[in-house]
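Reading through the structure tokens given below for one structure.
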Amino acid sequence: PQSAHITTTEAGNVLNFCANNYLGLSSHPEVIEAAHQAIERYGFGLSSVRFICGTQTIHKELEKATSEFLGMEDCILYAAAFDANGGLFEPLLGPEDAIISDELNHASIIDGVRLCKAARYRYKNNDMMDLEQKLKDSSGARRRMIATDGVFSMDGTIAQIDKICDLAEQYNAMVMVDDCHATGFVGKTGRGTHEFRDAIGRVDIITGTYGKALGGASGGFTAARREIVDMLRQRSRPYLFSNTLAPAIAGASIKVLNMLSASTDLRDKLERNTRHFREAMTDAGFDIIPGDHPITPIMLYEAKLAQEFARLLLDEGIYVIGFFYPVVPREKARIRVQISAGHEKEDIDKAVKAFTKVGRKLGVLN
């Protein structure tokens with residue numbers, strides 16, 4: 001099962017530092033039990049799209065629970081978060097409109113924008129001056145939408161949602177945030193980047209996933225004002241022409257949202273784990289991208305070095321992945337470490353010790 005401790009075919013028992021299992025809920029017994037109960041009550045699958053005979057009370061309950069958790073009016077479910085982004089822009093924007101998108105947005109946003117006939121503008125990553133210039137350049141558009149990742153997944157950088165909303169209000173634009181790497185654990189109560197940046201109620205559209213912190217299975221959503229969600233239900237092709245979310249996933253996801261609404265213990269533990277790892281790695285002498293997010297990039301710059309570093313770490317019982325071009329820019333190779341609430345302090349200390357040992361062996365550290 002997915003957890004902080006896993007068994008691999010090549011290396012045996014290892015510590016897992018490369019999963020999106022931020023809250024350690026993928027194999028939580030209460031989540032598994034909720035999935036079992038949903039199967040027993042609602043069956044394994046629906047064999048239908050939502051608008052024909054694929055909507056059960058459990059799907060409406062999950063939409064309500066998600067929108068309430070995020071502080072939004074309504075919510076629509078998708079088979080995957082990729083579909084949520086892929087089916088967002090075309091129903092809402094036409095040739096008279098404009099999309100202003102961050103240059104480091106996820107592939108699903110990029111593909112969704114490509115399917116839309118709106119004019120396209122791209123601003124430099126998290127650069128508010130460039131975003132404002134693109135808003136000025138697109139002043140002739142009927143409607144404008146700013147699209148951004150809430151957290152940029154290769155860097156762990158949290159978008160400046162508050163400043164984006166300031167510009168959106170100044171230039172009469174909508175704001176869309178993909179919060180896949182934030183929902184459930186970013187912000188004081190885990191509501192996401194809009195909570196972290198004190199911008200709850202200012203973001204027009206939030207897309208996200210149940211496949212990372214919220215249980216780790218699959219499924220995506222779009223939460224927004226009711227009129228936006230109504231339009232998506234009528235026109236969003238991935239929603240109209242894909243099978244409905246499996247009842248087990250819906251039931252387990254409801255359980256997760258209830259757990260997170262009742263307590264911030266897991267989110268708080270993740271924050272402590274993240275702080276401990278980042279501080280220890282910095283003290284050891286590694287070059288890491290600063291921040292507060294559990295995604296912690298260890299910058300190595302050379303592709304071969306990143307691959308060899310990850311291979312040697314596996315020998316030490318630490319499972320991580322080296323990233324290099326084209327996933328990240330040339331000469332920006334790195335190991336992306338992902339911290340979980342499922343990790344204990346001794347797990348993190350073991351990882352830092354292994355990183356330090358391999359770093360010295362490969363000449364990354366003195």
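Residues in the structure tokens are numbered from 1 in each chain, the chains being A, B, ... in the order shown, and ligands are numbered from 1 in the order shown.
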
Any idea what's packed within 12 Å of Lys212 (chain A), counting only C-alpha atoms, ignoring anything in its chain fewer than 5 positions away? Could you give it as a ChimeraX atom specification?
-> /A:2,18-26,80-81,179-185,217-220,253,256,338,340

Keeping only C-alpha atoms, write the selected residues to a file as a compact mmCIF listing (two decimals), in the first residue's frame.
# COMPACT_ATOMS: atom_id res chain seq x y z
CA GLN A 2 1.01 3.63 -0.54
CA CYS A 18 8.25 11.11 -3.80
CA ALA A 19 4.48 10.55 -3.41
CA ASN A 20 1.69 13.14 -3.39
CA ASN A 21 0.40 11.47 -0.22
CA TYR A 22 0.84 14.70 1.74
CA LEU A 23 -1.44 13.84 4.67
CA GLY A 24 -0.66 10.13 4.75
CA LEU A 25 -4.31 9.25 4.08
CA SER A 26 -3.91 6.93 1.08
CA ALA A 80 -9.60 13.42 -13.03
CA ALA A 81 -8.22 16.86 -12.27
CA ASP A 179 -4.93 23.92 -6.21
CA CYS A 180 -4.05 20.25 -6.71
CA HIS A 181 -0.90 20.56 -4.59
CA ALA A 182 -2.59 22.60 -1.85
CA THR A 183 -6.13 21.45 -1.05
CA GLY A 184 -6.24 19.83 2.36
CA PHE A 185 -2.99 21.14 3.83
CA ALA A 217 -7.13 7.72 -5.43
CA SER A 218 -8.39 9.74 -8.40
CA GLY A 219 -11.04 12.25 -9.36
CA GLY A 220 -11.06 16.00 -9.80
CA SER A 253 -13.28 11.57 -0.30
CA VAL A 256 -11.41 12.72 4.22
CA GLN A 338 7.84 15.44 -0.99
CA SER A 340 4.21 13.64 4.26

Counting only C-alpha atoms, what is within 10 Å of Glu90 (chain A), bar same-chain residues fewer than 3 positions away, as a ChimeraX atom specification?
-> /A:86-87,93-95,112-118,232,235-237

For the residues in the current selection, export N, CA and C atoms as a tab-separated table (two decimals), in the first residue's frame.
chain	number	residue	atom	x	y	z
A	86	GLY	N	-8.99	20.57	-18.35
A	86	GLY	CA	-9.20	20.44	-19.78
A	86	GLY	C	-10.59	20.85	-20.22
A	87	GLY	N	-11.56	20.72	-19.33
A	87	GLY	CA	-12.94	21.05	-19.68
A	87	GLY	C	-13.42	22.37	-19.14
A	93	LEU	N	-15.22	30.68	-22.27
A	93	LEU	CA	-14.57	31.76	-23.00
A	93	LEU	C	-14.59	31.51	-24.50
A	94	GLY	N	-14.77	32.59	-25.27
A	94	GLY	CA	-14.82	32.48	-26.72
A	94	GLY	C	-13.79	33.36	-27.39
A	95	PRO	N	-13.90	33.56	-28.71
A	95	PRO	CA	-12.90	34.33	-29.46
A	95	PRO	C	-12.78	35.78	-29.02
A	112	GLY	N	-5.95	22.63	-21.73
A	112	GLY	CA	-7.28	23.21	-21.69
A	112	GLY	C	-7.36	24.53	-22.42
A	113	VAL	N	-6.32	25.34	-22.27
A	113	VAL	CA	-6.27	26.63	-22.97
A	113	VAL	C	-6.20	26.41	-24.48
A	114	ARG	N	-5.47	25.40	-24.91
A	114	ARG	CA	-5.35	25.11	-26.35
A	114	ARG	C	-6.70	24.76	-26.98
A	115	LEU	N	-7.59	24.18	-26.19
A	115	LEU	CA	-8.91	23.80	-26.70
A	115	LEU	C	-9.87	24.97	-26.79
A	116	CYS	N	-9.46	26.09	-26.23
A	116	CYS	CA	-10.32	27.28	-26.17
A	116	CYS	C	-9.92	28.26	-27.27
A	117	LYS	N	-10.89	29.00	-27.79
A	117	LYS	CA	-10.64	29.95	-28.88
A	117	LYS	C	-10.31	31.35	-28.39
A	118	ALA	N	-10.22	31.53	-27.10
A	118	ALA	CA	-9.87	32.84	-26.56
A	118	ALA	C	-8.43	33.20	-26.90
A	232	LEU	N	-20.76	24.76	-16.77
A	232	LEU	CA	-19.90	23.60	-16.98
A	232	LEU	C	-20.73	22.31	-17.05
A	235	ARG	N	-21.98	22.25	-20.60
A	235	ARG	CA	-21.12	22.35	-21.78
A	235	ARG	C	-19.74	21.73	-21.65
A	236	SER	N	-19.32	21.34	-20.45
A	236	SER	CA	-17.95	20.82	-20.28
A	236	SER	C	-17.87	19.38	-20.78
A	237	ARG	N	-17.14	19.17	-21.84
A	237	ARG	CA	-17.15	17.87	-22.52
A	237	ARG	C	-16.59	16.72	-21.68

When you draw a straight line from CA of Cys165 (chain A) to CA of Lys188 (chain A), how long is it in Å?
->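 Separation of CA of Cys165 (chain A) and CA of Lys188 (chain A): 19.5 Å.
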
Return as a PyMOL selection string the full set of residues in region 123-303 of chain A whose backbone-based DSSP assignment is alpha helix (DSSP H).
-> chain A and resi 128-137+161-171+193-196+226-235+237-240+247-262+265-284+303

Go through A:Arg202, A:His28, A:His276, A:Lys163 and flag the residue nearest Met176 (chain A), using only C-alpha atoms for the distances.
->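 Of A:Arg202, A:His28, A:His276, A:Lys163, the one nearest Met176 (chain A), counting only C-alpha atoms, is A:Arg202.
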
Hey, which of A:Ala79, A:Leu167, A:Met281, A:Val49 ends up closest to Gln133 (chain A)? Count only C-alpha atoms.
->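 Once distances to Gln133 (chain A) are computed over only C-alpha atoms, the minimum belongs to A:Leu167.
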